[in-house]
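Scroll down for the structure; my scribbles are underneath it.
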Amino acid sequence: MINFVIDINGEVVGSVSFSKIKEYKAELGYWLAEKYWNKGIITEAVKLATKFGFKKLKLKRIYIPTFSFNKASMRVTEKNDYKLEGVLRKNVKKDNKFIDEYIFAKIK
Ligand SMILES: CC(C)(COP(=O)(O)OP(=O)(O)OC[C@H]1O[C@@H](n2cnc3c(N)ncnc32)[C@H](O)[C@@H]1OP(=O)(O)O)[C@@H](O)C(=O)NCCC(=O)NCCS
């Protein structure tokens with residue numbers, strides 16, 4: 001796993017991480033403290049991480065799974081030119097509810 005933290009004035013307020021790293025592909029995930037939402041921070045962080053993944057890790061495929069209701073996360077993928085590849089219906093069970101998972105990916 002490769003984890004980048006987002007530091008604002010010495011405080012960790014979020015992160016962007018590569019997980020499930022295989023030879024040529026990896027999953028990208030992220031979170032940010034709520035008080036900093038909707039300022040473009042994760043869009044920029046994903047942009048930098050994507051560049052790092054393709055250039056330094058030499059990945060060919062980076063994918064981002066998002067829950068169907070997570071419109072902000074989907075918008076982040078869209079703004080970074082990740083493409084929707086498919087929907088895994090009821091792929092996740094959370095709090096006794098079944099959630100569709102949307103898979104976005106970017107390839108090089
Ligand atoms: C998802 C998350 C990382 C986004 O971070 P962020 O820094 O606020 O994202 P950005 O500001 O770069 O972009 C958010 C975009 O979503 C849009 N957005 C926010 N809430 C929205 C909603 N309910 N419906 C539609 N769009 C929405 C914003 O307007 C913005 O788009 P715009 O630039 O076109 O206006 C943050 O909300 C978070 O940490 N959520 C909890 C953890 C999480 O969901 N992680 C992702 C798991 S896949």
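Letters A, B, ... mark the chains of the structure tokens in the order given; residue numbers begin at 1 per chain; ligand numbers begin at 1, in order shown.
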
Would you pick out the contacts of Trp37 (chain A) at 12 Å or less, using only C-alpha atoms, so that residues sharing its chain but fewer than 4 positions from it are not included, and give the list as a count of residues only? 11

Which polymer residues have any atom within 12 Å of an atom of Glu85 (chain A), counting only C-alpha atoms, with same-chain residues fewer than 4 positions away left out, as a ChimeraX atom specification? /A:62-66,77,101-107

Point out the residue among A:Lys108, A:Arg89, A:Lys39, A:Lys94 with the least atom-to-atom distance to ligand 1, counting only C-alpha atoms and all ligand atoms.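 Of the candidates, the smallest distance to ligand 1 is held by A:Lys39.
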
Name the residues of region 22-67 of chain A that come out as strand (DSSP E) in a backbone DSSP run; write them as a list in words.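 Residues of region 22-67 of chain A classed as strand (DSSP E): Lys25, Ala26, Glu27, Leu28, Gly29, Tyr30, Trp31, Leu32, Arg61, Ile62, Tyr63, Ile64, Pro65, Thr66 and Phe67 of chain A.
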
Quick check for you: according to DSSP on this backbone, which residues of chain A are classed as helix (DSSP H, G or I)? Reply as JSON, numbers by chain. {"A": [34, 35, 36, 41, 42, 43, 44, 45, 46, 47, 48, 49, 50, 51, 52, 53, 54, 55, 71, 72, 73, 74, 75, 76, 77, 78, 79]}

I need the chosen residues saved as a compact mmCIF listing (two decimals), in the first residue's frame, with C-alpha atoms.
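Below is the file that was written, out22.txt:
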```txt
# COMPACT_ATOMS: atom_id res chain seq x y z
CA GLU A 34 -15.61 17.26 6.03
CA LYS A 35 -14.76 20.88 6.76
CA TYR A 36 -12.53 20.93 3.64
CA ILE A 41 -8.65 19.33 -2.80
CA ILE A 42 -9.26 15.65 -3.62
CA THR A 43 -9.61 16.39 -7.32
CA GLU A 44 -6.08 17.84 -7.20
CA ALA A 45 -4.78 15.01 -4.98
CA VAL A 46 -6.15 12.37 -7.37
CA LYS A 47 -4.57 14.22 -10.28
CA LEU A 48 -1.15 14.08 -8.58
CA ALA A 49 -1.56 10.48 -7.42
CA THR A 50 -2.63 9.38 -10.92
CA LYS A 51 0.47 10.98 -12.40
CA PHE A 52 2.60 9.25 -9.76
CA GLY A 53 0.92 5.89 -10.47
CA PHE A 54 1.52 5.99 -14.20
CA LYS A 55 4.98 7.58 -14.13
CA LYS A 71 -21.88 11.67 -6.09
CA ALA A 72 -18.93 13.78 -4.87
CA SER A 73 -16.53 10.86 -5.36
CA MET A 74 -17.94 10.13 -8.80
CA ARG A 75 -17.46 13.78 -9.72
CA VAL A 76 -13.82 13.56 -8.59
CA THR A 77 -13.25 10.60 -10.94
CA GLU A 78 -15.02 12.39 -13.77
CA LYS A 79 -12.95 15.56 -13.32
```

To one decimal place in Å, what is the distance between atom 40 (N, counted along the ligand's line) of ligand 1 and CA of Asn38 (chain A)?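 Going from atom 40 (N, counted along the ligand's line) of ligand 1 over to CA of Asn38 (chain A) covers 9.8 Å.
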
Find, counting only C-alpha atoms and all ligand atoms, the residue in A:Gly29, A:Leu59, A:Leu88, A:Lys97 that gets nearest to ligand 1.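 Looking only at the distances to ligand 1, the closest residue turns out to be A:Gly29.
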
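Residues lying within 8 Å of Ser17 (chain A), counting only C-alpha atoms and ignoring same-chain neighbours fewer than 3 positions away, are Met1, Ile2, Asn3, Phe4, Leu28, Gly29 and Tyr30 of chain A.
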
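Atom to atom, atom 21 (C, counted along the ligand's line) of ligand 1 and CA of Phe69 (chain A) stand 9.6 Å apart.
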
Of the candidates A:Phe98, A:Val92, A:Lys58, A:Val16, which shows the shortest atom-to-atom distance to ligand 1, using only C-alpha atoms and all ligand atoms?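 Ranking A:Phe98, A:Val92, A:Lys58, A:Val16 by distance to ligand 1, first place goes to A:Val16.
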